[in-house]
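These notes are about the structure you will find just below.
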Amino acid sequence: MDNIPLNEEVIVKTKQHSLKISKHPACQDLSSRAAASKIIQECVEEGLSLATLLPRYLEQTKAEHRPLAQEISFGVLRWYYRLNPLLNNMLSKPLRPKKKSVHFLLLVGLYQLNYLDKADYAVVKETVNVCDELQQSWAKGLVNAILRRFLREKDALLAAVDRSYDSRFAYPEWLVNAIKSSWKGIERPLESILDAGNQRPPMTLRINQQFELETYKQMLQENEISFSEVETSLLGHTLVLDKPLSVDKLPLFSEGALSVQDGAPQLAAGLLSPQPSDLILDACAAPGGKTMHLFEQQAGLKKVVALDVSSERLKRVEKNSRRLKIPREKLLLMTADASKQDWWDGEEFDRILLDAPCSATGVIRRHPDIKLLRREEDIAALTQLQAQIMDNLWLMLKPGGLLLYATCSIIRDENDRQVEAFLNRQKNSNATEILIEADWGIRMPFGRQILPGEHNMDGFYYSLLRKGV
């Protein structure tokens with residue numbers, strides 16, 4: 001099941017906007033299926049993320065039901081663009097707004113019947129029973145009929161929706177077209193990229209370089225925690241667990257021996273190659289996984305300024321810094337907008353890490369709600385914001401300094417085309433790209449792109465830029 005620990009590096013970064021958080025009457029002891037149906041409904045209808053909804057509803061759910069509630073929530077959103085057309089084809093007419101909760105309960109039932117290894121009769125019975133919990137007792141007959149019809153006609157019903165390319169891979173049409181446009185003629189076929197986004201993500205560990213890797217591997221083995229290693233450059237301290245588990249079961253987690261972070265963002269610190277006495281800016285820093293990794297790579301740093309537009313997200317950076325025992329005088333947390341200069345004291349940085357706000361299309365396997373939350377028009381707004389931030393931060397970089405531009409996107413307008421446009425704008429500043437030679441990713445006209453699933457990593461893009469002296 002999808003099990004994303006609270007301490008994991010969450011790398012979804014989007015344009016700042018405010019969300020109206022809906023208020024609901026407090027409800028206690030929700031069943032797993034009732035909680036999942038409420039989470040899915042709010043994500044679809046109100047545009048709220050799983051990161052927002054899961055903590056709210058899981059704390060109202062019986063402890064033994066939380067894993068299934070999380071599994072169903074992730075699963076339905078991962079396959080929403082297949083399950084929803086399937087359900088619409090089975091309903092004679094759409095349900096009225098006051099009865100719409102039944103629609104989402106039916107999605108919960110269809111997901112279980114098609115994707116989970118559970119007894120069909122139990123799934124139907126338990127899903128029907130949730131009608132009472134949702135105060136929709138009238139719908140028991142409908143829910144029973146729809147789910148039993150699916151079991152009888154499963155192959156034909158799925159074949160009908162799978163005639164649509166978008167439904168078969170469960171992506172919105174605009175996103176399929178955007179990915180197709182970006183990767184036409186590239187070595188990996190479109191189907192492979194879409195399929196990788198539908199896989200369950202691994203739980204990847206970054207072992208603190210201040211700890212002995214072999215010793216930690218032995219500790220995992222002694223605790224009967226199975227793992228594999230990642231065979232690629234710059235990831236010498238990375239392990240992938242065979243099965244996700246709670247971080248409190250990992251040896252020495254609270255002592256800072258490791259962090260949970262996908263392999264792709266772990267590449268950032270090595271590419272930036274921090275040197276002793278460097279002053280570094282980590283723009284858009286929260287939740288701080290890459291910030292902490294910089295200190296692990298180079299304990300002699302002068303200081304890292306961790307900047308983020310959200311003071312709430314910066315609390316995660318502070319929490320991580322305490323766990324990893326980062327000296328307070330070497331880390332400055334600042335709530336500010338990276339596209340502006342009102343926070344800057346004028347001291348130029350030796351290195352800048354910009355993990356830019358982006359569409360997050362490279363981490364859909366980890367955050368399937370991106371399929372529903374992102375819109376086609378977001379791409380143009382994000383590319384404009386990325387350009388503003390790059391141009392602004394470039395002014396803060398020392399001559400001879402390095403800027404590492406990164407996104408968790410697989411849309412080229414946000415990545416190599418963005419860097420190309422930046423270099424064209426900065427011709428007078430002697431901005432040059434440093435070629436990244438590596439055994440990971442695809443060499444692009446500018447920078448290097450990891451597609452989802454490569455070396456079991458998320459989709460990520462990097463470009464390393466040097467400022468002329």
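For the structure tokens, the naming scheme is as follows: chains receive sequential letters (A, B, ...) according to their order of presentation, residues are indexed from 1 within each chain, and ligands are indexed from 1 in presentation order.
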Skipping near chain neighbours, those fewer than 6 positions away, what residues fall within 12 Å of Leu68 in chain A using only C-alpha atoms, listed as a compact mmCIF listing (two decimals) with N, CA and C atoms, in the first residue's frame?
```
# COMPACT_ATOMS: atom_id res chain seq x y z
N MET A 1 0.84 -1.20 0.00
CA MET A 1 0.00 0.00 0.00
C MET A 1 0.87 1.25 0.00
N ASP A 2 0.28 2.37 -0.36
CA ASP A 2 1.03 3.63 -0.29
C ASP A 2 1.19 4.01 1.17
N ASN A 3 2.42 4.17 1.59
CA ASN A 3 2.69 4.50 2.99
C ASN A 3 3.73 5.60 3.00
N LEU A 30 -14.62 6.90 12.16
CA LEU A 30 -15.00 6.61 10.79
C LEU A 30 -14.45 5.25 10.38
N SER A 31 -15.19 4.55 9.55
CA SER A 31 -14.65 3.32 8.97
C SER A 31 -13.67 3.70 7.86
N SER A 32 -12.85 2.76 7.44
CA SER A 32 -11.85 3.04 6.42
C SER A 32 -12.50 3.51 5.12
N ARG A 33 -13.58 2.87 4.72
CA ARG A 33 -14.22 3.20 3.45
C ARG A 33 -14.95 4.53 3.51
N ALA A 34 -15.54 4.85 4.64
CA ALA A 34 -16.20 6.15 4.79
C ALA A 34 -15.16 7.27 4.76
N ALA A 35 -14.06 7.09 5.47
CA ALA A 35 -13.01 8.11 5.46
C ALA A 35 -12.46 8.30 4.06
N ALA A 36 -12.20 7.21 3.35
CA ALA A 36 -11.67 7.31 1.99
C ALA A 36 -12.63 8.03 1.07
N SER A 37 -13.91 7.73 1.16
CA SER A 37 -14.89 8.37 0.27
C SER A 37 -14.95 9.87 0.53
N LEU A 58 -7.76 10.80 8.89
CA LEU A 58 -7.22 9.61 9.53
C LEU A 58 -7.28 9.71 11.05
N THR A 61 -10.44 8.36 12.20
CA THR A 61 -10.68 6.98 11.79
C THR A 61 -10.10 6.02 12.82
N LYS A 62 -10.77 4.93 13.04
CA LYS A 62 -10.26 3.92 13.96
C LYS A 62 -8.86 3.52 13.53
N PHE A 74 -5.39 6.76 -1.93
CA PHE A 74 -4.36 6.85 -2.96
C PHE A 74 -4.78 6.12 -4.22
N GLY A 75 -5.34 4.92 -4.05
CA GLY A 75 -5.67 4.09 -5.20
C GLY A 75 -6.75 4.68 -6.07
N VAL A 76 -7.83 5.18 -5.47
CA VAL A 76 -8.90 5.76 -6.28
C VAL A 76 -8.41 6.99 -7.04
N VAL A 108 -14.98 3.98 -4.41
CA VAL A 108 -14.26 3.21 -3.39
C VAL A 108 -14.50 1.72 -3.58
N TYR A 111 -12.80 0.40 -6.90
CA TYR A 111 -11.35 0.29 -6.75
C TYR A 111 -10.99 -1.01 -6.03
N GLN A 112 -11.69 -1.30 -4.95
CA GLN A 112 -11.38 -2.51 -4.19
C GLN A 112 -11.61 -3.77 -5.03
N LEU A 116 -7.70 -4.54 -5.50
CA LEU A 116 -7.25 -5.11 -4.24
C LEU A 116 -7.58 -6.59 -4.14
N LYS A 118 -9.07 -8.71 -2.17
CA LYS A 118 -10.01 -8.91 -1.08
C LYS A 118 -11.21 -9.68 -1.59
```
Restrict the calculation to only C-alpha atoms, then for each residue of range 213-266 of chain A with any atom at most 10 Å from an atom of range 279-295 of chain A give the closest atom pair and their distance in Å to one decimal, rows by chain and rising residue number, as a tab-separated table.
```
residue	atom	partner	partner_atom	distance
A:Ser259	CA	A:Gly289	CA	7.6
A:Val260	CA	A:Gly289	CA	8.3
A:Gln261	CA	A:Gly289	CA	6.9
A:Asp262	CA	A:Gly289	CA	9.8
A:Pro265	CA	A:Lys290	CA	7.0
A:Gln266	CA	A:Lys290	CA	6.9
```
Store the residues of this selection in a file with N, CA and C atoms, as a tab-separated table (two decimals), in the first residue's frame.
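What follows is the written file part.tsv:
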```tsv
chain	number	residue	atom	x	y	z
A	259	SER	N	17.56	9.80	6.58
A	259	SER	CA	16.36	10.54	6.22
A	259	SER	C	15.64	9.75	5.14
A	260	VAL	N	14.33	9.95	5.04
A	260	VAL	CA	13.55	9.33	3.98
A	260	VAL	C	13.45	10.32	2.83
A	261	GLN	N	14.01	9.96	1.69
A	261	GLN	CA	14.06	10.88	0.55
A	261	GLN	C	14.28	10.07	-0.72
A	262	ASP	N	13.49	10.35	-1.73
A	262	ASP	CA	13.66	9.65	-3.01
A	262	ASP	C	15.06	9.86	-3.55
A	265	PRO	N	15.97	13.52	-5.78
A	265	PRO	CA	16.41	14.74	-5.09
A	265	PRO	C	17.70	14.57	-4.31
A	266	GLN	N	18.10	13.33	-4.03
A	266	GLN	CA	19.38	13.11	-3.36
A	266	GLN	C	20.56	13.49	-4.24
```
Could you produce a table of the residues of range 141-171 of chain A lying within 9 Å of range 87-94 of chain A, with the nearest pair of atoms per residue and their separation in Å rounded to one decimal, using only C-alpha atoms, ordered by chain and increasing residue number, as a Markdown table?
```
| residue | atom | partner | partner_atom | distance |
| --- | --- | --- | --- | --- |
| A:Ile146 | CA | A:Met90 | CA | 7.0 |
| A:Arg149 | CA | A:Met90 | CA | 8.6 |
| A:Phe150 | CA | A:Met90 | CA | 8.5 |
| A:Leu157 | CA | A:Asn89 | CA | 8.2 |
| A:Ala160 | CA | A:Asn89 | CA | 8.9 |
| A:Val161 | CA | A:Asn89 | CA | 8.4 |
```
Using only C-alpha atoms, which residues sit within 7 Å of Val128 in chain A once same-chain residues fewer than 2 positions away are excluded, as a CSV table (one decimal) with C-alpha atoms, in the first residue's frame?
```
chain,number,residue,atom,x,y,z
A,124,VAL,CA,-19.7,-5.5,-1.5
A,125,LYS,CA,-21.1,-6.0,1.9
A,126,GLU,CA,-18.8,-3.5,3.7
A,130,VAL,CA,-21.1,2.6,4.6
A,131,CYS,CA,-24.3,4.0,3.2
A,140,LYS,CA,-27.9,0.6,-0.4
A,143,VAL,CA,-24.5,0.4,-4.4
A,144,ASN,CA,-25.2,-3.3,-4.2
```
